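Undergrad: Here it is, the structure in full.
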Amino acid sequence: VAASFDAKSSYVNKLKKWNDLYGEGGSRKKEEQLNVIRRRLGSWGNKYVSLGGRIVLINAVLNAIPIFYLSFMKMPVKVRREVVKIQRKFLWGGLSNRIKTCWVKWEDICRPKNEAGLGLRDLRLVNISLLAKWRWKLLSHDQEVWKSIVTAKYGWDIIGKRELGNLDVPRTASLWWRDLCLLDAENGWFRLAVGKKVGCGHSTSFWNEVWTGGQSLRQRFP
């Protein structure tokens, strides 16, 4: 019981820390976090760091952003753009205050090396991937404390569902749960990428599951 209580308390505390950092009234703390990234890059200077060295540093400096927070909620677009701005400026001009020309689109730079990119990690994709891991865990059969918290609030029917959407987001839903449910709202990439292996059938709906053709029977025969 004590272990369960500690785990739940830790869960709540970490959500509170995220809200303090990226929620309303968190402008000062957001700026502090951005300054941490600037200092991490600035500690090396740029006079003797090659382009390849700067690429390594940019990837490493993502550790200045608490990965746990990125796995809990979607980073605000404004904050992400500021981080990318810092990274782009350092890549092309180091720590110089002069405006430097960005010769290649950031999207191309973030492509894997085998696709003619530089292999920089895309912060948006890192964020989405970490959030998707929670969706994946909801499909697994392990018994974790956080699942009991989520199911107690949102119902047992969320377990085993490949597709979550607006109907699964009540008015009292947390920001974390809202971001999780709407993660692939635009194109349903998570649902399409995940296959389901039927076991006892308790979490499987014959009418609502997608068996073939990319649509459920309910969608094909309304």
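Chain labels follow the order of the structure tokens: the first chain is A, the next B, and so on; residue numbering restarts at 1 in every chain, and ligands are counted from 1 in their shown order.
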Fewer than 6 positions away in the same chain doesn't count, so skip those; otherwise give me all residues within 12 Å of segment 98-110 of chain A, counting only C-alpha atoms, as a list in words.
TA: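 Counting only the stated atoms, we get Ile55, Ile58, Asn59, Arg81, Val84, Lys85, Gln87, Arg88, Lys89, Phe90, Leu91, Trp92, Ala116, Gly117, Leu118, Gly119, Leu120, Arg121, Asp122, Leu123, Arg124, Leu125 and Val126 of chain A.
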Undergrad: Residues of segment 110-176 of chain A classed as helix (DSSP H, G or I) by DSSP on the backbone are to be reported as a PyMOL selection string.
TA: chain A and resi 113-115+123-139+145-154+156-158+166-168+175-176
Undergrad: Pull C-alpha atoms from the residues just selected and write them as a PDB file, in the first residue's frame.
TA:
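File produced: selection_28.pdb:
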```pdb
ATOM      1  CA  LYS A 113      22.071  10.510 -42.327  1.00  0.00           C
ATOM      2  CA  ASN A 114      21.045   7.716 -44.694  1.00  0.00           C
ATOM      3  CA  GLU A 115      18.414  10.108 -46.069  1.00  0.00           C
ATOM      4  CA  LEU A 123      12.311  17.868 -30.873  1.00  0.00           C
ATOM      5  CA  ARG A 124       8.721  17.589 -32.099  1.00  0.00           C
ATOM      6  CA  LEU A 125       9.183  13.952 -33.120  1.00  0.00           C
ATOM      7  CA  VAL A 126      10.963  13.136 -29.855  1.00  0.00           C
ATOM      8  CA  ASN A 127       8.019  14.614 -27.971  1.00  0.00           C
ATOM      9  CA  ILE A 128       5.448  12.687 -30.030  1.00  0.00           C
ATOM     10  CA  SER A 129       7.390   9.434 -29.744  1.00  0.00           C
ATOM     11  CA  LEU A 130       7.587   9.673 -25.966  1.00  0.00           C
ATOM     12  CA  LEU A 131       3.857  10.391 -25.745  1.00  0.00           C
ATOM     13  CA  ALA A 132       3.104   7.481 -28.066  1.00  0.00           C
ATOM     14  CA  LYS A 133       4.900   5.197 -25.639  1.00  0.00           C
ATOM     15  CA  TRP A 134       2.109   5.798 -23.107  1.00  0.00           C
ATOM     16  CA  ARG A 135      -0.478   4.845 -25.728  1.00  0.00           C
ATOM     17  CA  TRP A 136       1.490   1.680 -26.429  1.00  0.00           C
ATOM     18  CA  LYS A 137       1.602   0.821 -22.727  1.00  0.00           C
ATOM     19  CA  LEU A 138      -2.188   1.084 -22.558  1.00  0.00           C
ATOM     20  CA  LEU A 139      -2.297  -1.762 -25.068  1.00  0.00           C
ATOM     21  CA  VAL A 145       0.143   1.734 -10.833  1.00  0.00           C
ATOM     22  CA  TRP A 146      -0.403   4.576 -13.284  1.00  0.00           C
ATOM     23  CA  LYS A 147      -2.911   2.443 -15.203  1.00  0.00           C
ATOM     24  CA  SER A 148      -5.077   2.030 -12.120  1.00  0.00           C
ATOM     25  CA  ILE A 149      -5.093   5.820 -11.723  1.00  0.00           C
ATOM     26  CA  VAL A 150      -6.055   6.424 -15.355  1.00  0.00           C
ATOM     27  CA  THR A 151      -8.744   3.733 -15.493  1.00  0.00           C
ATOM     28  CA  ALA A 152     -10.247   4.933 -12.211  1.00  0.00           C
ATOM     29  CA  LYS A 153     -10.762   8.355 -13.792  1.00  0.00           C
ATOM     30  CA  TYR A 154     -11.509   7.544 -17.442  1.00  0.00           C
ATOM     31  CA  TRP A 156     -11.679   0.512 -18.031  1.00  0.00           C
ATOM     32  CA  ASP A 157     -12.743   0.619 -21.679  1.00  0.00           C
ATOM     33  CA  ILE A 158      -9.662   2.693 -22.572  1.00  0.00           C
ATOM     34  CA  ASN A 166     -12.445  13.486 -28.545  1.00  0.00           C
ATOM     35  CA  LEU A 167     -15.034  11.070 -27.174  1.00  0.00           C
ATOM     36  CA  ASP A 168     -12.422   9.787 -24.709  1.00  0.00           C
ATOM     37  CA  LEU A 175      -3.748  18.057 -20.144  1.00  0.00           C
ATOM     38  CA  TRP A 176      -1.689  14.866 -20.266  1.00  0.00           C
TER      39      TRP A 176
END
```
Undergrad: Report, in Å with one decimal, the straight-line distance from atom CA of Thr172 of chain A to atom CA of Phe68 of chain A.
TA: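 Taking atom CA of Thr172 of chain A and atom CA of Phe68 of chain A, their separation equals 23.2 Å.
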Undergrad: Could you jot down the atom CA of Ala173 of chain A to atom CA of Met73 of chain A separation for me, Å, one decimal place?
TA: 12.9 Å
Undergrad: Find, counting only C-alpha atoms, the residue in A:Gly199, A:Gly93, A:Trp211, A:Val194 that gets nearest to Leu51 of chain A.
TA: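 Between A:Gly199, A:Gly93, A:Trp211, A:Val194, the residue approaching Leu51 of chain A most closely is A:Gly93.
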